[in-house]
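S.K.: Below you will find the structure I want to go over with you.
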Amino acid sequence: MEFTSVLFYIFSFFFVTSAVMMITARNTAKAALLLILTFFSAASLWLLLEAEFLAITLILIYVGAVMVLFMFVIKMLD
């Protein structure tokens with residue numbers, strides 16, 4: 001088995017596991033942090049597919065801007 005295949009299975013496992021845990025989480029802050037982990041796993045899979053622009057865009061826009069906004073809203077509402 002090639003190294004890229006092993007990386008694909010590892011990142012896919014983290015992607016699916018964090019997505020399921022995010023959906024079933026009772027705490028909203030924990031769910032937002034698990035969504036960040038899901039985004040990083042998706043970006044890692046895009047890097048394996050040699051789609052660097054999509055991976056960097058996902059990290060900068062969604063994790064860098066949208067998730068920070070979500071965290072501020074969650075903390076202000078609690």
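Numbering starts fresh at 1 for the residues of each chain in the structure tokens, the chains themselves are lettered A, B, ... in the order given, and ligands are numbered from 1 as they appear.
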For range 40-43 of chain A, find every residue with an atom within 12 Å (counting only C-alpha atoms), except residues of its own chain fewer than 4 positions away, and show them as a PDB file with all heavy atoms, in the first residue's frame.
M.R.:
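Contents of selection-v9.pdb, as written:
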ATOM      1  N   LEU A   7      -2.357   7.847   4.031  1.00  0.00           N
ATOM      2  CA  LEU A   7      -2.764   9.190   4.444  1.00  0.00           C
ATOM      3  C   LEU A   7      -4.229   9.453   4.123  1.00  0.00           C
ATOM      4  O   LEU A   7      -4.944  10.078   4.907  1.00  0.00           O
ATOM      5  CB  LEU A   7      -1.895  10.245   3.769  1.00  0.00           C
ATOM      6  CG  LEU A   7      -0.502  10.442   4.328  1.00  0.00           C
ATOM      7  CD1 LEU A   7       0.245  11.492   3.511  1.00  0.00           C
ATOM      8  CD2 LEU A   7      -0.553  10.848   5.778  1.00  0.00           C
ATOM      9  N   PHE A   8      -4.685   8.980   2.965  1.00  0.00           N
ATOM     10  CA  PHE A   8      -6.087   9.157   2.597  1.00  0.00           C
ATOM     11  C   PHE A   8      -7.006   8.484   3.612  1.00  0.00           C
ATOM     12  O   PHE A   8      -7.997   9.077   4.043  1.00  0.00           O
ATOM     13  CB  PHE A   8      -6.343   8.598   1.198  1.00  0.00           C
ATOM     14  CG  PHE A   8      -7.784   8.614   0.809  1.00  0.00           C
ATOM     15  CD1 PHE A   8      -8.391   9.795   0.411  1.00  0.00           C
ATOM     16  CD2 PHE A   8      -8.541   7.458   0.866  1.00  0.00           C
ATOM     17  CE1 PHE A   8      -9.731   9.820   0.059  1.00  0.00           C
ATOM     18  CE2 PHE A   8      -9.875   7.473   0.526  1.00  0.00           C
ATOM     19  CZ  PHE A   8     -10.475   8.655   0.121  1.00  0.00           C
ATOM     20  N   TYR A   9      -6.690   7.273   4.003  1.00  0.00           N
ATOM     21  CA  TYR A   9      -7.530   6.559   4.968  1.00  0.00           C
ATOM     22  C   TYR A   9      -7.500   7.224   6.351  1.00  0.00           C
ATOM     23  O   TYR A   9      -8.521   7.296   7.031  1.00  0.00           O
ATOM     24  CB  TYR A   9      -7.128   5.093   5.068  1.00  0.00           C
ATOM     25  CG  TYR A   9      -7.516   4.299   3.851  1.00  0.00           C
ATOM     26  CD1 TYR A   9      -6.568   3.601   3.122  1.00  0.00           C
ATOM     27  CD2 TYR A   9      -8.829   4.261   3.428  1.00  0.00           C
ATOM     28  CE1 TYR A   9      -6.922   2.884   2.004  1.00  0.00           C
ATOM     29  CE2 TYR A   9      -9.195   3.537   2.314  1.00  0.00           C
ATOM     30  CZ  TYR A   9      -8.241   2.852   1.597  1.00  0.00           C
ATOM     31  OH  TYR A   9      -8.600   2.144   0.484  1.00  0.00           O
ATOM     32  N   ILE A  10      -6.350   7.725   6.748  1.00  0.00           N
ATOM     33  CA  ILE A  10      -6.249   8.398   8.044  1.00  0.00           C
ATOM     34  C   ILE A  10      -7.070   9.683   8.054  1.00  0.00           C
ATOM     35  O   ILE A  10      -7.865   9.925   8.972  1.00  0.00           O
ATOM     36  CB  ILE A  10      -4.771   8.675   8.393  1.00  0.00           C
ATOM     37  CG1 ILE A  10      -4.043   7.375   8.696  1.00  0.00           C
ATOM     38  CG2 ILE A  10      -4.658   9.636   9.576  1.00  0.00           C
ATOM     39  CD1 ILE A  10      -2.544   7.518   8.822  1.00  0.00           C
ATOM     40  N   PHE A  11      -6.894  10.514   7.011  1.00  0.00           N
ATOM     41  CA  PHE A  11      -7.647  11.772   6.949  1.00  0.00           C
ATOM     42  C   PHE A  11      -9.140  11.521   6.767  1.00  0.00           C
ATOM     43  O   PHE A  11      -9.963  12.261   7.309  1.00  0.00           O
ATOM     44  CB  PHE A  11      -7.125  12.665   5.832  1.00  0.00           C
ATOM     45  CG  PHE A  11      -5.758  13.222   6.099  1.00  0.00           C
ATOM     46  CD1 PHE A  11      -4.813  13.288   5.096  1.00  0.00           C
ATOM     47  CD2 PHE A  11      -5.409  13.685   7.351  1.00  0.00           C
ATOM     48  CE1 PHE A  11      -3.559  13.799   5.331  1.00  0.00           C
ATOM     49  CE2 PHE A  11      -4.152  14.204   7.603  1.00  0.00           C
ATOM     50  CZ  PHE A  11      -3.221  14.259   6.586  1.00  0.00           C
ATOM     51  N   SER A  12      -9.505  10.486   6.027  1.00  0.00           N
ATOM     52  CA  SER A  12     -10.918  10.157   5.861  1.00  0.00           C
ATOM     53  C   SER A  12     -11.535   9.703   7.176  1.00  0.00           C
ATOM     54  O   SER A  12     -12.681  10.054   7.486  1.00  0.00           O
ATOM     55  CB  SER A  12     -11.091   9.063   4.812  1.00  0.00           C
ATOM     56  OG  SER A  12     -10.636   9.499   3.571  1.00  0.00           O
ATOM     57  N   PHE A  13     -10.776   8.942   7.942  1.00  0.00           N
ATOM     58  CA  PHE A  13     -11.268   8.505   9.247  1.00  0.00           C
ATOM     59  C   PHE A  13     -11.513   9.703  10.159  1.00  0.00           C
ATOM     60  O   PHE A  13     -12.557   9.802  10.806  1.00  0.00           O
ATOM     61  CB  PHE A  13     -10.266   7.537   9.893  1.00  0.00           C
ATOM     62  CG  PHE A  13     -10.621   7.170  11.306  1.00  0.00           C
ATOM     63  CD1 PHE A  13     -11.645   6.284  11.561  1.00  0.00           C
ATOM     64  CD2 PHE A  13      -9.932   7.720  12.377  1.00  0.00           C
ATOM     65  CE1 PHE A  13     -11.987   5.948  12.863  1.00  0.00           C
ATOM     66  CE2 PHE A  13     -10.253   7.397  13.673  1.00  0.00           C
ATOM     67  CZ  PHE A  13     -11.292   6.502  13.918  1.00  0.00           C
ATOM     68  N   PHE A  14     -10.542  10.641  10.213  1.00  0.00           N
ATOM     69  CA  PHE A  14     -10.721  11.848  11.022  1.00  0.00           C
ATOM     70  C   PHE A  14     -11.892  12.689  10.514  1.00  0.00           C
ATOM     71  O   PHE A  14     -12.640  13.266  11.298  1.00  0.00           O
ATOM     72  CB  PHE A  14      -9.456  12.700  11.041  1.00  0.00           C
ATOM     73  CG  PHE A  14      -8.417  12.195  11.993  1.00  0.00           C
ATOM     74  CD1 PHE A  14      -7.110  11.995  11.574  1.00  0.00           C
ATOM     75  CD2 PHE A  14      -8.735  11.933  13.304  1.00  0.00           C
ATOM     76  CE1 PHE A  14      -6.146  11.539  12.450  1.00  0.00           C
ATOM     77  CE2 PHE A  14      -7.783  11.471  14.199  1.00  0.00           C
ATOM     78  CZ  PHE A  14      -6.482  11.274  13.762  1.00  0.00           C
ATOM     79  N   PHE A  15     -12.060  12.751   9.194  1.00  0.00           N
ATOM     80  CA  PHE A  15     -13.137  13.537   8.597  1.00  0.00           C
ATOM     81  C   PHE A  15     -14.501  12.988   9.001  1.00  0.00           C
ATOM     82  O   PHE A  15     -15.363  13.730   9.497  1.00  0.00           O
ATOM     83  CB  PHE A  15     -12.978  13.532   7.079  1.00  0.00           C
ATOM     84  CG  PHE A  15     -13.978  14.372   6.345  1.00  0.00           C
ATOM     85  CD1 PHE A  15     -13.916  15.747   6.413  1.00  0.00           C
ATOM     86  CD2 PHE A  15     -14.966  13.788   5.589  1.00  0.00           C
ATOM     87  CE1 PHE A  15     -14.827  16.530   5.733  1.00  0.00           C
ATOM     88  CE2 PHE A  15     -15.880  14.554   4.909  1.00  0.00           C
ATOM     89  CZ  PHE A  15     -15.813  15.932   4.979  1.00  0.00           C
ATOM     90  N   VAL A  16     -14.698  11.702   8.831  1.00  0.00           N
ATOM     91  CA  VAL A  16     -15.994  11.090   9.146  1.00  0.00           C
ATOM     92  C   VAL A  16     -16.240  11.094  10.654  1.00  0.00           C
ATOM     93  O   VAL A  16     -17.348  11.402  11.112  1.00  0.00           O
ATOM     94  CB  VAL A  16     -16.059   9.663   8.559  1.00  0.00           C
ATOM     95  CG1 VAL A  16     -17.296   8.939   9.032  1.00  0.00           C
ATOM     96  CG2 VAL A  16     -16.023   9.715   7.047  1.00  0.00           C
ATOM     97  N   THR A  17     -15.228  10.763  11.433  1.00  0.00           N
ATOM     98  CA  THR A  17     -15.395  10.709  12.885  1.00  0.00           C
ATOM     99  C   THR A  17     -15.718  12.086  13.470  1.00  0.00           C
ATOM    100  O   THR A  17     -16.643  12.213  14.277  1.00  0.00           O
ATOM    101  CB  THR A  17     -14.122  10.160  13.541  1.00  0.00           C
ATOM    102  OG1 THR A  17     -13.806   8.899  12.966  1.00  0.00           O
ATOM    103  CG2 THR A  17     -14.307  10.000  15.033  1.00  0.00           C
ATOM    104  N   SER A  18     -15.000  13.101  13.044  1.00  0.00           N
ATOM    105  CA  SER A  18     -15.266  14.440  13.586  1.00  0.00           C
ATOM    106  C   SER A  18     -16.611  14.975  13.107  1.00  0.00           C
ATOM    107  O   SER A  18     -17.293  15.684  13.851  1.00  0.00           O
ATOM    108  CB  SER A  18     -14.145  15.398  13.216  1.00  0.00           C
ATOM    109  OG  SER A  18     -14.048  15.540  11.817  1.00  0.00           O
ATOM    110  N   ALA A  19     -17.029  14.618  11.901  1.00  0.00           N
ATOM    111  CA  ALA A  19     -18.339  15.056  11.416  1.00  0.00           C
ATOM    112  C   ALA A  19     -19.470  14.410  12.212  1.00  0.00           C
ATOM    113  O   ALA A  19     -20.441  15.070  12.589  1.00  0.00           O
ATOM    114  CB  ALA A  19     -18.483  14.744   9.932  1.00  0.00           C
ATOM    115  N   LEU A  33     -15.795  23.493  17.478  1.00  0.00           N
ATOM    116  CA  LEU A  33     -14.404  23.042  17.416  1.00  0.00           C
ATOM    117  C   LEU A  33     -14.269  21.764  16.595  1.00  0.00           C
ATOM    118  O   LEU A  33     -13.285  21.583  15.869  1.00  0.00           O
ATOM    119  CB  LEU A  33     -13.852  22.850  18.822  1.00  0.00           C
ATOM    120  CG  LEU A  33     -13.662  24.131  19.636  1.00  0.00           C
ATOM    121  CD1 LEU A  33     -13.252  23.802  21.059  1.00  0.00           C
ATOM    122  CD2 LEU A  33     -12.656  25.033  18.976  1.00  0.00           C
ATOM    123  N   LEU A  34     -15.251  20.881  16.691  1.00  0.00           N
ATOM    124  CA  LEU A  34     -15.222  19.677  15.864  1.00  0.00           C
ATOM    125  C   LEU A  34     -15.442  20.010  14.390  1.00  0.00           C
ATOM    126  O   LEU A  34     -14.901  19.326  13.510  1.00  0.00           O
ATOM    127  CB  LEU A  34     -16.269  18.671  16.353  1.00  0.00           C
ATOM    128  CG  LEU A  34     -15.907  17.963  17.651  1.00  0.00           C
ATOM    129  CD1 LEU A  34     -17.120  17.226  18.214  1.00  0.00           C
ATOM    130  CD2 LEU A  34     -14.758  17.005  17.441  1.00  0.00           C
ATOM    131  N   LEU A  35     -16.198  21.060  14.111  1.00  0.00           N
ATOM    132  CA  LEU A  35     -16.357  21.505  12.726  1.00  0.00           C
ATOM    133  C   LEU A  35     -15.036  22.020  12.168  1.00  0.00           C
ATOM    134  O   LEU A  35     -14.717  21.798  11.001  1.00  0.00           O
ATOM    135  CB  LEU A  35     -17.442  22.577  12.637  1.00  0.00           C
ATOM    136  CG  LEU A  35     -17.797  23.079  11.244  1.00  0.00           C
ATOM    137  CD1 LEU A  35     -18.299  21.940  10.370  1.00  0.00           C
ATOM    138  CD2 LEU A  35     -18.832  24.172  11.334  1.00  0.00           C
ATOM    139  N   ILE A  36     -14.247  22.680  13.006  1.00  0.00           N
ATOM    140  CA  ILE A  36     -12.917  23.129  12.582  1.00  0.00           C
ATOM    141  C   ILE A  36     -12.047  21.928  12.244  1.00  0.00           C
ATOM    142  O   ILE A  36     -11.340  21.920  11.230  1.00  0.00           O
ATOM    143  CB  ILE A  36     -12.274  24.002  13.666  1.00  0.00           C
ATOM    144  CG1 ILE A  36     -13.024  25.325  13.791  1.00  0.00           C
ATOM    145  CG2 ILE A  36     -10.797  24.258  13.377  1.00  0.00           C
ATOM    146  CD1 ILE A  36     -12.578  26.177  14.947  1.00  0.00           C
ATOM    147  N   LEU A  47      -5.485  18.546  -0.294  1.00  0.00           N
ATOM    148  CA  LEU A  47      -4.042  18.606  -0.550  1.00  0.00           C
ATOM    149  C   LEU A  47      -3.539  17.301  -1.159  1.00  0.00           C
ATOM    150  O   LEU A  47      -2.635  17.312  -1.997  1.00  0.00           O
ATOM    151  CB  LEU A  47      -3.281  18.917   0.734  1.00  0.00           C
ATOM    152  CG  LEU A  47      -3.325  20.368   1.196  1.00  0.00           C
ATOM    153  CD1 LEU A  47      -2.642  20.504   2.546  1.00  0.00           C
ATOM    154  CD2 LEU A  47      -2.679  21.273   0.172  1.00  0.00           C
ATOM    155  N   LEU A  48      -4.115  16.184  -0.734  1.00  0.00           N
ATOM    156  CA  LEU A  48      -3.732  14.904  -1.343  1.00  0.00           C
ATOM    157  C   LEU A  48      -4.148  14.827  -2.808  1.00  0.00           C
ATOM    158  O   LEU A  48      -3.500  14.160  -3.613  1.00  0.00           O
ATOM    159  CB  LEU A  48      -4.360  13.739  -0.575  1.00  0.00           C
ATOM    160  CG  LEU A  48      -3.733  13.391   0.764  1.00  0.00           C
ATOM    161  CD1 LEU A  48      -4.519  12.275   1.436  1.00  0.00           C
ATOM    162  CD2 LEU A  48      -2.284  12.984   0.591  1.00  0.00           C
ATOM    163  N   LEU A  49      -5.226  15.530  -3.156  1.00  0.00           N
ATOM    164  CA  LEU A  49      -5.698  15.567  -4.539  1.00  0.00           C
ATOM    165  C   LEU A  49      -5.018  16.658  -5.361  1.00  0.00           C
ATOM    166  O   LEU A  49      -5.391  16.895  -6.506  1.00  0.00           O
ATOM    167  CB  LEU A  49      -7.214  15.787  -4.570  1.00  0.00           C
ATOM    168  CG  LEU A  49      -8.063  14.650  -4.034  1.00  0.00           C
ATOM    169  CD1 LEU A  49      -9.513  15.064  -3.954  1.00  0.00           C
ATOM    170  CD2 LEU A  49      -7.905  13.430  -4.914  1.00  0.00           C
ATOM    171  N   GLU A  50      -4.033  17.321  -4.754  1.00  0.00           N
ATOM    172  CA  GLU A  50      -3.263  18.387  -5.374  1.00  0.00           C
ATOM    173  C   GLU A  50      -4.132  19.580  -5.753  1.00  0.00           C
ATOM    174  O   GLU A  50      -3.932  20.217  -6.782  1.00  0.00           O
ATOM    175  CB  GLU A  50      -2.479  17.869  -6.580  1.00  0.00           C
ATOM    176  CG  GLU A  50      -1.454  16.823  -6.209  1.00  0.00           C
ATOM    177  CD  GLU A  50      -0.729  16.262  -7.400  1.00  0.00           C
ATOM    178  OE1 GLU A  50      -0.999  16.703  -8.535  1.00  0.00           O
ATOM    179  OE2 GLU A  50       0.125  15.388  -7.190  1.00  0.00           O
ATOM    180  N   ALA A  51      -5.109  19.885  -4.906  1.00  0.00           N
ATOM    181  CA  ALA A  51      -5.952  21.065  -5.071  1.00  0.00           C
ATOM    182  C   ALA A  51      -5.589  22.044  -3.963  1.00  0.00           C
ATOM    183  O   ALA A  51      -6.359  22.266  -3.028  1.00  0.00           O
ATOM    184  CB  ALA A  51      -7.420  20.683  -5.025  1.00  0.00           C
ATOM    185  N   GLU A  52      -4.403  22.615  -4.076  1.00  0.00           N
ATOM    186  CA  GLU A  52      -3.877  23.472  -3.018  1.00  0.00           C
ATOM    187  C   GLU A  52      -4.712  24.729  -2.823  1.00  0.00           C
ATOM    188  O   GLU A  52      -4.909  25.181  -1.700  1.00  0.00           O
ATOM    189  CB  GLU A  52      -2.421  23.863  -3.310  1.00  0.00           C
ATOM    190  CG  GLU A  52      -1.442  22.724  -3.225  1.00  0.00           C
ATOM    191  CD  GLU A  52      -1.298  21.979  -4.541  1.00  0.00           C
ATOM    192  OE1 GLU A  52      -1.888  22.427  -5.545  1.00  0.00           O
ATOM    193  OE2 GLU A  52      -0.626  20.942  -4.546  1.00  0.00           O
ATOM    194  N   PHE A  53      -5.205  25.308  -3.929  1.00  0.00           N
ATOM    195  CA  PHE A  53      -5.983  26.534  -3.819  1.00  0.00           C
ATOM    196  C   PHE A  53      -7.256  26.306  -3.012  1.00  0.00           C
ATOM    197  O   PHE A  53      -7.622  27.122  -2.160  1.00  0.00           O
ATOM    198  CB  PHE A  53      -6.321  27.075  -5.214  1.00  0.00           C
ATOM    199  CG  PHE A  53      -7.163  28.314  -5.170  1.00  0.00           C
ATOM    200  CD1 PHE A  53      -6.607  29.526  -4.820  1.00  0.00           C
ATOM    201  CD2 PHE A  53      -8.508  28.265  -5.466  1.00  0.00           C
ATOM    202  CE1 PHE A  53      -7.373  30.671  -4.761  1.00  0.00           C
ATOM    203  CE2 PHE A  53      -9.291  29.401  -5.412  1.00  0.00           C
ATOM    204  CZ  PHE A  53      -8.727  30.610  -5.063  1.00  0.00           C
ATOM    205  N   LEU A  54      -7.948  25.198  -3.255  1.00  0.00           N
ATOM    206  CA  LEU A  54      -9.171  24.903  -2.510  1.00  0.00           C
ATOM    207  C   LEU A  54      -8.878  24.655  -1.039  1.00  0.00           C
ATOM    208  O   LEU A  54      -9.643  25.074  -0.164  1.00  0.00           O
ATOM    209  CB  LEU A  54      -9.877  23.693  -3.120  1.00  0.00           C
ATOM    210  CG  LEU A  54     -10.489  23.908  -4.492  1.00  0.00           C
ATOM    211  CD1 LEU A  54     -11.055  22.606  -5.010  1.00  0.00           C
ATOM    212  CD2 LEU A  54     -11.544  24.969  -4.447  1.00  0.00           C
ATOM    213  N   ALA A  55      -7.782  23.988  -0.753  1.00  0.00           N
ATOM    214  CA  ALA A  55      -7.426  23.709   0.642  1.00  0.00           C
ATOM    215  C   ALA A  55      -7.098  24.997   1.395  1.00  0.00           C
ATOM    216  O   ALA A  55      -7.592  25.208   2.507  1.00  0.00           O
ATOM    217  CB  ALA A  55      -6.234  22.748   0.689  1.00  0.00           C
ATOM    218  N   ILE A  56      -6.316  25.862   0.788  1.00  0.00           N
ATOM    219  CA  ILE A  56      -5.962  27.121   1.435  1.00  0.00           C
ATOM    220  C   ILE A  56      -7.186  28.024   1.572  1.00  0.00           C
ATOM    221  O   ILE A  56      -7.367  28.700   2.594  1.00  0.00           O
ATOM    222  CB  ILE A  56      -4.835  27.837   0.653  1.00  0.00           C
ATOM    223  CG1 ILE A  56      -3.563  27.001   0.685  1.00  0.00           C
ATOM    224  CG2 ILE A  56      -4.570  29.230   1.203  1.00  0.00           C
ATOM    225  CD1 ILE A  56      -3.013  26.741   2.066  1.00  0.00           C
ATOM    226  N   THR A  57      -8.053  28.016   0.569  1.00  0.00           N
ATOM    227  CA  THR A  57      -9.272  28.807   0.636  1.00  0.00           C
ATOM    228  C   THR A  57     -10.169  28.323   1.764  1.00  0.00           C
ATOM    229  O   THR A  57     -10.743  29.139   2.507  1.00  0.00           O
ATOM    230  CB  THR A  57     -10.026  28.739  -0.705  1.00  0.00           C
ATOM    231  OG1 THR A  57      -9.159  29.176  -1.745  1.00  0.00           O
ATOM    232  CG2 THR A  57     -11.271  29.596  -0.684  1.00  0.00           C
ATOM    233  N   LEU A  58     -10.286  27.021   1.916  1.00  0.00           N
ATOM    234  CA  LEU A  58     -11.102  26.467   2.998  1.00  0.00           C
ATOM    235  C   LEU A  58     -10.551  26.877   4.356  1.00  0.00           C
ATOM    236  O   LEU A  58     -11.307  27.296   5.236  1.00  0.00           O
ATOM    237  CB  LEU A  58     -11.158  24.941   2.898  1.00  0.00           C
ATOM    238  CG  LEU A  58     -11.938  24.250   4.004  1.00  0.00           C
ATOM    239  CD1 LEU A  58     -13.429  24.342   3.718  1.00  0.00           C
ATOM    240  CD2 LEU A  58     -11.525  22.819   4.139  1.00  0.00           C
ATOM    241  N   ILE A  59      -9.250  26.798   4.512  1.00  0.00           N
ATOM    242  CA  ILE A  59      -8.638  27.157   5.788  1.00  0.00           C
ATOM    243  C   ILE A  59      -8.785  28.651   6.064  1.00  0.00           C
ATOM    244  O   ILE A  59      -9.195  29.054   7.153  1.00  0.00           O
ATOM    245  CB  ILE A  59      -7.148  26.741   5.809  1.00  0.00           C
ATOM    246  CG1 ILE A  59      -7.006  25.239   5.679  1.00  0.00           C
ATOM    247  CG2 ILE A  59      -6.464  27.242   7.079  1.00  0.00           C
ATOM    248  CD1 ILE A  59      -7.620  24.451   6.788  1.00  0.00           C
ATOM    249  N   LEU A  60      -8.467  29.485   5.084  1.00  0.00           N
ATOM    250  CA  LEU A  60      -8.492  30.928   5.321  1.00  0.00           C
ATOM    251  C   LEU A  60      -9.897  31.479   5.505  1.00  0.00           C
ATOM    252  O   LEU A  60     -10.144  32.276   6.413  1.00  0.00           O
ATOM    253  CB  LEU A  60      -7.807  31.661   4.170  1.00  0.00           C
ATOM    254  CG  LEU A  60      -6.298  31.523   4.086  1.00  0.00           C
ATOM    255  CD1 LEU A  60      -5.761  32.260   2.866  1.00  0.00           C
ATOM    256  CD2 LEU A  60      -5.651  32.061   5.334  1.00  0.00           C
ATOM    257  N   ILE A  61     -10.819  31.067   4.658  1.00  0.00           N
ATOM    258  CA  ILE A  61     -12.157  31.661   4.707  1.00  0.00           C
ATOM    259  C   ILE A  61     -13.013  31.009   5.780  1.00  0.00           C
ATOM    260  O   ILE A  61     -13.547  31.676   6.660  1.00  0.00           O
ATOM    261  CB  ILE A  61     -12.832  31.586   3.335  1.00  0.00           C
ATOM    262  CG1 ILE A  61     -12.089  32.492   2.365  1.00  0.00           C
ATOM    263  CG2 ILE A  61     -14.296  31.992   3.428  1.00  0.00           C
ATOM    264  CD1 ILE A  61     -12.568  32.429   0.954  1.00  0.00           C
ATOM    265  N   TYR A  62     -13.163  29.695   5.735  1.00  0.00           N
ATOM    266  CA  TYR A  62     -14.084  29.047   6.661  1.00  0.00           C
ATOM    267  C   TYR A  62     -13.527  28.981   8.074  1.00  0.00           C
ATOM    268  O   TYR A  62     -14.198  29.377   9.028  1.00  0.00           O
ATOM    269  CB  TYR A  62     -14.457  27.654   6.175  1.00  0.00           C
ATOM    270  CG  TYR A  62     -15.441  27.689   5.043  1.00  0.00           C
ATOM    271  CD1 TYR A  62     -15.076  27.306   3.769  1.00  0.00           C
ATOM    272  CD2 TYR A  62     -16.742  28.115   5.254  1.00  0.00           C
ATOM    273  CE1 TYR A  62     -15.981  27.349   2.730  1.00  0.00           C
ATOM    274  CE2 TYR A  62     -17.648  28.161   4.222  1.00  0.00           C
ATOM    275  CZ  TYR A  62     -17.263  27.779   2.957  1.00  0.00           C
ATOM    276  OH  TYR A  62     -18.148  27.831   1.936  1.00  0.00           O
ATOM    277  N   VAL A  63     -12.329  28.481   8.224  1.00  0.00           N
ATOM    278  CA  VAL A  63     -11.768  28.356   9.571  1.00  0.00           C
ATOM    279  C   VAL A  63     -11.326  29.715  10.093  1.00  0.00           C
ATOM    280  O   VAL A  63     -11.587  30.053  11.248  1.00  0.00           O
ATOM    281  CB  VAL A  63     -10.603  27.344   9.580  1.00  0.00           C
ATOM    282  CG1 VAL A  63      -9.946  27.291  10.933  1.00  0.00           C
ATOM    283  CG2 VAL A  63     -11.100  25.961   9.178  1.00  0.00           C
ATOM    284  N   GLY A  64     -10.715  30.495   9.248  1.00  0.00           N
ATOM    285  CA  GLY A  64     -10.180  31.766   9.707  1.00  0.00           C
ATOM    286  C   GLY A  64     -11.221  32.827   9.964  1.00  0.00           C
ATOM    287  O   GLY A  64     -11.075  33.633  10.874  1.00  0.00           O
TER     288      GLY A  64
END
S.K.: As a ChimeraX atom specification, please: the residues near Phe70 in chain A (cut-off 10 Å, only C-alpha atoms, same-chain neighbours under 5 positions excluded).
M.R.: /A:28-29,32-33,63,65,75-76
S.K.: CA of Glu2 in chain A and CA of Ser44 in chain A are how many Å apart?
M.R.: 16.7 Å
S.K.: For CA of Leu37 in chain A and CA of Met22 in chain A, quote the distance in Å rounded to one decimal.
M.R.: 9.4 Å
S.K.: Between A:Leu45, A:Ile74, A:Thr38, A:Val6, which is the closest to Val20 in chain A once you count only C-alpha atoms?
M.R.: A:Thr38
S.K.: Based on DSSP run over this structure's backbone, return all residues of chain A in alpha helix (DSSP H), as JSON, numbers by chain.
M.R.: {"A": [3, 4, 5, 6, 7, 8, 9, 10, 11, 12, 13, 14, 15, 16, 17, 18, 19, 20, 21, 22, 23, 24, 28, 29, 30, 31, 32, 33, 34, 35, 36, 37, 38, 39, 40, 41, 42, 43, 44, 45, 46, 47, 48, 52, 53, 54, 55, 56, 57, 67, 68, 69, 70, 71, 72, 73, 74, 75, 76, 77]}
S.K.: Which value, in Å to one decimal, gives the distance between CA of Lys30 in chain A and CA of Met67 in chain A?
M.R.: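 Computing the Euclidean distance for CA of Lys30 in chain A and CA of Met67 in chain A yields 12.1 Å.
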